[in-house]
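**Student:** To be precise about what I am sending: the file is called target_21.txt and holds compact mmCIF, C-alpha atoms.
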# COMPACT_ATOMS: atom_id res chain seq x y z
CA MET A 199 -29.80 23.18 -66.96
CA GLN A 200 -26.84 22.51 -69.25
CA VAL A 201 -25.80 25.57 -71.24
CA ILE A 202 -24.70 24.22 -74.63
CA ALA A 203 -23.01 26.68 -76.98
CA HIS A 204 -24.64 26.13 -80.38
CA ARG A 205 -21.81 25.96 -82.95
CA GLY A 206 -19.88 27.79 -80.24
CA ALA A 207 -20.89 31.27 -79.10
CA SER A 208 -22.14 31.78 -82.64
CA ALA A 209 -23.99 35.02 -81.95
CA TYR A 210 -20.63 36.68 -81.39
CA ALA A 211 -18.12 34.79 -83.56
CA PRO A 212 -18.24 32.74 -86.79
CA GLU A 213 -20.06 29.48 -86.18
CA ASN A 214 -18.19 26.19 -85.88
CA THR A 215 -14.78 27.83 -85.58
CA PHE A 216 -12.20 27.92 -82.81
CA PRO A 217 -12.90 31.61 -82.04
CA ALA A 218 -16.56 30.75 -81.40
CA PHE A 219 -15.72 27.72 -79.27
CA ASP A 220 -13.04 29.57 -77.29
CA LEU A 221 -15.45 32.42 -76.62
CA ALA A 222 -18.04 29.92 -75.36
CA LEU A 223 -15.46 28.60 -72.90
CA ALA A 224 -14.67 32.14 -71.76
CA MET A 225 -18.40 32.68 -71.19
CA GLU A 226 -18.42 29.52 -69.02
CA ALA A 227 -20.71 27.45 -71.23
CA ASP A 228 -21.19 23.91 -69.94
CA ALA A 229 -20.79 22.20 -73.31
CA LEU A 230 -20.03 22.78 -76.98
CA GLU A 231 -22.23 21.75 -79.90
CA THR A 232 -21.03 21.38 -83.48
CA ASP A 233 -21.87 19.76 -86.83
CA ILE A 234 -19.95 17.03 -88.62
CA ARG A 235 -19.65 16.46 -92.36
CA ALA A 236 -17.03 14.76 -94.53
CA THR A 237 -14.87 16.03 -97.39
CA ARG A 238 -14.45 14.16 -100.64
CA ASP A 239 -11.33 12.44 -99.27
CA GLY A 240 -13.09 11.42 -96.06
CA ILE A 241 -11.81 14.01 -93.60
CA LEU A 242 -14.44 14.88 -91.00
CA VAL A 243 -14.93 18.64 -90.68
CA LEU A 244 -17.14 21.02 -88.72
CA LEU A 245 -19.68 22.55 -91.06
CA HIS A 246 -23.43 22.98 -90.77
CA ASP A 247 -24.48 23.41 -94.41
CA HIS A 248 -23.70 20.85 -97.06
CA ARG A 249 -22.33 23.70 -99.16
CA VAL A 250 -19.58 26.10 -98.11
CA GLU A 251 -20.86 29.39 -99.57
CA ARG A 252 -22.70 30.73 -96.52
CA THR A 253 -19.85 30.45 -94.03
CA THR A 254 -16.68 30.60 -96.14
CA ASN A 255 -15.30 32.39 -99.19
CA GLY A 256 -15.41 29.14 -101.16
CA GLN A 257 -17.93 27.44 -103.39
CA GLY A 258 -19.27 23.93 -103.72
CA ASP A 259 -20.56 20.96 -101.81
CA ILE A 260 -18.31 19.93 -98.93
CA ALA A 261 -18.63 16.31 -100.07
CA GLU A 262 -17.05 17.26 -103.41
CA LEU A 263 -14.14 19.25 -101.98
CA MET A 264 -10.81 17.82 -100.89
CA TRP A 265 -9.53 18.57 -97.40
CA ALA A 266 -6.61 20.51 -98.86
CA GLU A 267 -9.11 22.82 -100.58
CA VAL A 268 -11.19 23.26 -97.44
CA GLN A 269 -8.11 24.14 -95.38
CA SER A 270 -7.48 27.14 -97.61
CA LEU A 271 -10.95 28.63 -97.13
CA ASP A 272 -11.60 31.75 -95.05
CA ALA A 273 -14.37 30.86 -92.60
CA GLY A 274 -14.38 34.13 -90.68
CA SER A 275 -14.56 37.17 -92.96
CA TRP A 276 -18.26 36.63 -93.71
CA PHE A 277 -18.99 37.26 -90.03
CA ALA A 278 -16.72 40.24 -89.32
CA PRO A 279 -13.36 41.57 -90.59
CA GLU A 280 -11.55 40.74 -87.36
CA PHE A 281 -12.12 37.04 -87.99
CA ALA A 282 -10.49 37.06 -91.42
CA GLY A 283 -8.35 33.99 -92.00
CA THR A 284 -10.26 31.76 -89.58
CA ARG A 285 -10.28 28.17 -90.83
CA VAL A 286 -12.79 25.34 -90.98
CA PRO A 287 -11.69 22.93 -88.24
CA SER A 288 -11.36 19.21 -88.67
CA LEU A 289 -13.16 17.01 -86.15
CA ALA A 290 -9.80 15.60 -85.05
CA SER A 291 -8.43 19.04 -84.21
CA PHE A 292 -11.66 19.99 -82.41
CA LEU A 293 -11.56 16.85 -80.28
CA ALA A 294 -7.89 17.33 -79.49
CA ARG A 295 -8.58 20.88 -78.32
CA TYR A 296 -11.81 20.48 -76.37
CA ALA A 297 -12.80 16.87 -75.64
CA ALA A 298 -10.94 16.72 -72.33
CA LEU A 299 -12.21 20.13 -71.20
CA LEU A 300 -16.00 19.93 -71.29
CA PRO A 301 -18.90 17.86 -72.65
CA LEU A 302 -19.52 17.86 -76.39
CA ALA A 303 -22.65 17.46 -78.50
CA LEU A 304 -21.72 16.29 -81.98
CA GLU A 305 -24.43 16.47 -84.64
CA VAL A 306 -23.88 14.02 -87.49
CA LYS A 307 -25.18 15.67 -90.64
CA GLY A 308 -26.40 13.15 -93.20
CA GLU A 309 -25.70 9.45 -93.32
CA GLY A 310 -22.67 7.40 -94.29
CA ILE A 311 -20.07 8.82 -91.89
CA GLU A 312 -21.08 6.92 -88.77
CA HIS A 313 -18.11 4.52 -88.81
CA ALA A 314 -15.67 7.39 -89.33
CA VAL A 315 -17.14 9.36 -86.41
CA ILE A 316 -16.87 6.38 -84.07
CA THR A 317 -13.27 5.80 -85.15
CA ALA A 318 -12.44 9.46 -84.47
CA LEU A 319 -13.95 9.28 -81.00
CA LYS A 320 -12.03 6.12 -80.13
CA ALA A 321 -8.79 8.04 -80.70
CA VAL A 322 -9.64 10.58 -78.00
CA ARG A 323 -7.91 10.09 -74.66
CA GLU A 324 -9.97 10.65 -71.53
CA PRO A 325 -12.77 12.72 -73.08
CA ARG A 326 -15.48 14.35 -71.03
CA GLU A 327 -19.05 13.34 -71.88
CA ILE A 328 -19.79 13.09 -75.61
CA THR A 329 -23.31 12.88 -77.03
CA ILE A 330 -23.97 12.11 -80.69
CA THR A 331 -27.07 13.79 -82.08
CA SER A 332 -28.76 13.74 -85.46
CA PHE A 333 -32.05 14.44 -87.17
CA SER A 334 -31.54 11.06 -88.86
CA PHE A 335 -32.94 8.34 -86.64
CA ALA A 336 -31.26 5.72 -88.84
CA THR A 337 -27.89 7.31 -88.11
CA LEU A 338 -28.45 7.13 -84.35
CA ALA A 339 -29.72 3.57 -84.51
CA LEU A 340 -26.62 2.51 -86.46
CA ILE A 341 -24.28 4.27 -84.04
CA LYS A 342 -25.93 2.53 -81.11
CA ARG A 343 -25.53 -0.83 -82.83
CA LEU A 344 -21.89 -0.17 -83.63
CA GLN A 345 -20.98 1.41 -80.28
CA PRO A 346 -23.68 0.81 -77.64
CA THR A 347 -21.79 2.78 -74.97
CA LEU A 348 -21.98 6.03 -76.94
CA ARG A 349 -24.64 8.47 -75.78
CA VAL A 350 -27.14 9.50 -78.46
CA GLY A 351 -29.86 12.12 -78.69
CA TRP A 352 -32.50 12.38 -81.38
CA LEU A 353 -33.09 15.83 -82.84
CA THR A 354 -36.78 15.42 -83.46
CA ARG A 355 -39.25 17.84 -84.97
CA CYS A 356 -42.16 16.29 -83.09
CA PHE A 357 -42.09 15.89 -79.31
CA ASP A 358 -44.67 13.18 -78.71
CA GLU A 359 -45.09 9.70 -77.27
CA GLU A 360 -43.99 8.00 -80.50
CA ALA A 361 -40.71 9.96 -80.59
CA ILE A 362 -39.98 9.09 -76.97
CA ALA A 363 -40.72 5.42 -77.61
CA ARG A 364 -38.39 5.33 -80.61
CA VAL A 365 -35.48 6.81 -78.66
CA ARG A 366 -36.02 4.34 -75.84
CA ALA A 367 -36.24 1.44 -78.29
CA ILE A 368 -32.62 1.96 -79.43
CA GLY A 369 -31.33 2.60 -75.94
CA GLY A 370 -30.95 6.34 -76.51
CA GLU A 371 -30.29 8.68 -73.65
CA GLN A 372 -31.69 11.98 -74.89
CA ILE A 373 -34.52 13.49 -76.86
CA CYS A 374 -33.95 16.91 -78.44
CA PRO A 375 -37.24 18.64 -79.29
CA PRO A 376 -37.84 22.09 -80.79
CA ALA A 377 -38.02 24.87 -78.20
CA GLU A 378 -41.62 25.69 -79.10
CA GLN A 379 -42.69 22.13 -78.24
CA THR A 380 -40.71 21.96 -75.00
CA THR A 381 -43.44 22.32 -72.40
CA ALA A 382 -43.33 21.38 -68.73
CA ALA A 383 -45.80 18.54 -69.28
CA ARG A 384 -43.81 17.02 -72.15
CA VAL A 385 -40.51 17.40 -70.31
CA THR A 386 -41.94 15.59 -67.29
CA TRP A 387 -43.37 12.93 -69.57
CA ALA A 388 -39.97 12.25 -71.18
CA LYS A 389 -38.05 12.31 -67.90
CA GLU A 390 -40.45 9.81 -66.34
CA ARG A 391 -39.48 7.50 -69.19
CA GLY A 392 -35.80 7.88 -68.43
CA LEU A 393 -34.77 10.40 -71.07
CA GLU A 394 -32.92 13.68 -70.84
CA VAL A 395 -34.57 16.60 -72.64
CA ARG A 396 -32.39 19.05 -74.57
CA ALA A 397 -34.12 21.73 -76.61
CA TRP A 398 -32.97 23.19 -79.94
CA GLY A 399 -34.16 26.11 -82.08
CA VAL A 400 -33.85 28.67 -79.25
CA ARG A 401 -33.99 31.71 -81.49
CA ASP A 402 -34.44 34.46 -78.92
CA GLU A 403 -34.53 35.18 -75.21
CA ALA A 404 -38.28 34.57 -74.97
CA ALA A 405 -37.83 31.02 -76.25
CA MET A 406 -34.85 30.58 -73.93
CA ILE A 407 -36.90 31.57 -70.88
CA SER A 408 -39.73 29.28 -71.96
CA VAL A 409 -37.38 26.29 -72.08
CA VAL A 410 -35.92 27.17 -68.68
CA GLU A 411 -39.41 27.35 -67.18
CA ALA A 412 -40.33 24.02 -68.78
CA GLY A 413 -37.57 22.35 -66.77
CA ALA A 414 -35.53 20.93 -69.64
CA ASP A 415 -32.13 19.42 -68.88
CA GLY A 416 -30.37 21.68 -71.37
CA MET A 417 -30.58 23.67 -74.56
CA THR A 418 -28.37 24.79 -77.41
CA VAL A 419 -28.06 28.57 -77.64
CA ASN A 420 -26.07 30.95 -79.82
CA PHE A 421 -25.76 33.30 -76.82
CA PRO A 422 -24.60 31.18 -73.84
CA ASN A 423 -23.84 34.29 -71.78
CA LYS A 424 -27.51 35.30 -71.82
CA LEU A 425 -28.69 31.87 -70.69
CA ILE A 426 -26.09 31.81 -67.91
CA ALA A 427 -27.24 35.25 -66.74
CA CYS A 428 -30.85 34.08 -66.79
CA LEU A 429 -30.06 30.98 -64.74
CA ARG A 430 -28.07 32.98 -62.20
CA GLN A 431 -30.89 35.46 -61.84
CA ARG A 432 -33.22 32.58 -61.03
CA SER A 433 -30.69 30.98 -58.64
CA LEU A 434 -30.48 27.98 -60.96
CA ARG A 435 -26.71 28.26 -61.39
Would you write the structure of this file as structure tokens?

**Tutor:**
Amino acid sequence: MQVIAHRGASAYAPENTFPAFDLALAMEADALETDIRATRDGILVLLHDHRVERTTNGQGDIAELMWAEVQSLDAGSWFAPEFAGTRVPSLASFLARYAALLPLALEVKGEGIEHAVITALKAVREPREITITSFSFATLALIKRLQPTLRVGWLTRCFDEEAIARVRAIGGEQICPPAEQTTAARVTWAKERGLEVRAWGVRDEAAMISVVEAGADGMTVNFPNKLIACLRQRSLR
């Protein structure tokens, strides 16, 4: 079971920031997950929402803001005073800091930045395992066409035979279903067809335990320390 810190240890530090990622490392998470969007001038940044209001002190759509503007935003005060002054990281700085240390799951938000993401990854020296994920199947299909050696995982809202077949059709390595649909039978079904299963939407410890018991290969969690404790208790780590 791969413990993947969802936007870092985001239950304890502001999501998609270095404090959250560093805390996930300290908690001994197996991998880091983050979200990729682009600024108006084409700089790839780590941000979940298409707008900056929820997680910074700024306003506007990230696609309409210049990188210089984004760099000045406070991405930590909304979470807690001690994180005041935390910045929105660029993808380049994130890769430079973490890619050689542990596996990464990079969610491409929206379409149109696939070429830029691939270019950014090519600049990384000796990275650990990198998996590109997206809810957009078209994005994953394009990435596989452009760079067949890149691992991809489809964030799907429906864990069924059709979804599995679509991932296999593009040579994908992973299917990422919602936690509530991650059952032992479906996990076995996907694994028998050569796919890894990585759950998302693990909102609480009950969902976390359910995914563990289903035998998934991994899951994204905001609280990696709790998943690690659970796995150790069950002698699975």

**Student:** Mind checking which residues fall within 12 Å of stretch 212-217 of chain A, counting all atoms listed in the file, ignoring those fewer than 6 positions away in the same chain, and posting them as a short mmCIF file (atom, residue, chain, number, x, y, z; two decimals) with C-alpha atoms, in the coordinates of the input?

**Tutor:**
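Listed below is the output, part.cif:
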data_model
loop_
_atom_site.label_atom_id
_atom_site.label_comp_id
_atom_site.auth_asym_id
_atom_site.auth_seq_id
_atom_site.Cartn_x
_atom_site.Cartn_y
_atom_site.Cartn_z
CA ALA A 203 -23.01 26.68 -76.98
CA HIS A 204 -24.64 26.13 -80.38
CA ARG A 205 -21.81 25.96 -82.95
CA GLY A 206 -19.88 27.79 -80.24
CA LEU A 223 -15.46 28.60 -72.90
CA ALA A 224 -14.67 32.14 -71.76
CA LEU A 230 -20.03 22.78 -76.98
CA GLU A 231 -22.23 21.75 -79.90
CA THR A 232 -21.03 21.38 -83.48
CA ASP A 233 -21.87 19.76 -86.83
CA ILE A 234 -19.95 17.03 -88.62
CA ARG A 235 -19.65 16.46 -92.36
CA VAL A 243 -14.93 18.64 -90.68
CA LEU A 244 -17.14 21.02 -88.72
CA LEU A 245 -19.68 22.55 -91.06
CA HIS A 246 -23.43 22.98 -90.77
CA ASP A 247 -24.48 23.41 -94.41
CA ARG A 252 -22.70 30.73 -96.52
CA THR A 253 -19.85 30.45 -94.03
CA THR A 254 -16.68 30.60 -96.14
CA ASP A 272 -11.60 31.75 -95.05
CA ALA A 273 -14.37 30.86 -92.60
CA GLY A 274 -14.38 34.13 -90.68
CA SER A 275 -14.56 37.17 -92.96
CA TRP A 276 -18.26 36.63 -93.71
CA PHE A 277 -18.99 37.26 -90.03
CA ALA A 278 -16.72 40.24 -89.32
CA PRO A 279 -13.36 41.57 -90.59
CA GLU A 280 -11.55 40.74 -87.36
CA PHE A 281 -12.12 37.04 -87.99
CA ALA A 282 -10.49 37.06 -91.42
CA GLY A 283 -8.35 33.99 -92.00
CA THR A 284 -10.26 31.76 -89.58
CA ARG A 285 -10.28 28.17 -90.83
CA VAL A 286 -12.79 25.34 -90.98
CA PRO A 287 -11.69 22.93 -88.24
CA SER A 288 -11.36 19.21 -88.67
CA LEU A 289 -13.16 17.01 -86.15
CA SER A 291 -8.43 19.04 -84.21
CA PHE A 292 -11.66 19.99 -82.41
CA LEU A 293 -11.56 16.85 -80.28
CA ALA A 294 -7.89 17.33 -79.49
CA ARG A 295 -8.58 20.88 -78.32
CA TYR A 296 -11.81 20.48 -76.37
CA LEU A 304 -21.72 16.29 -81.98
CA GLU A 305 -24.43 16.47 -84.64
CA VAL A 419 -28.06 28.57 -77.64
CA ASN A 420 -26.07 30.95 -79.82
CA PHE A 421 -25.76 33.30 -76.82
#

**Student:** Just want the 9 Å neighbourhood of A:Thr386, counted on all atoms listed in the file, with same-chain residues fewer than 3 positions away dropped. Output as a list of chain:residue names.

**Tutor:** A:Thr381, A:Ala382, A:Ala383, A:Lys389, A:Glu390, A:Arg391, A:Ala412, A:Gly413, A:Ala414

**Student:** Identify, on the basis of only C-alpha atoms, every residue whose closest approach to A:Leu348 does not exceed 8 Å; exclude the query and any residue fewer than 6 positions from it along the same chain; express the result as a PyMOL selection string.

**Tutor:** chain A and resi 328-330+341-342

**Student:** At what distance in Å, to one decimal, does atom CA of A:Ala367 lie from atom CA of A:Met417?

**Tutor:**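 Between these atoms lies a distance of 23.2 Å.
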
**Student:** Rank nothing, just name the residue among A:Gly310, A:Pro375, A:Gly240, A:Gly392 nearest to A:Glu262, using only C-alpha atoms.

**Tutor:**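 Of all the options, A:Gly240 lies closest to A:Glu262.
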
**Student:** What separation in Å, quoted to one decimal, exists between atom CA of A:Ala336 and atom CA of A:Val409?

**Tutor:**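 Atom-to-atom, atom CA of A:Ala336 to atom CA of A:Val409, that is 27.2 Å.
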
**Student:** Got a sec: who's within 9 Å of A:Met406, counting all atoms listed in the file, leaving out chain neighbours fewer than 3 positions off, as a list in words?

**Tutor:** Ala377, Val400, Arg401, Asp402, Glu403, Val409, Val410, Glu411, Met417, Val419, Lys424, Leu425 and Cys428 of chain A

**Student:** Just give me the gap between atom CA of A:Ile426 and atom CA of A:Asp228 in Å, one decimal is fine.

**Tutor:** 9.5 Å
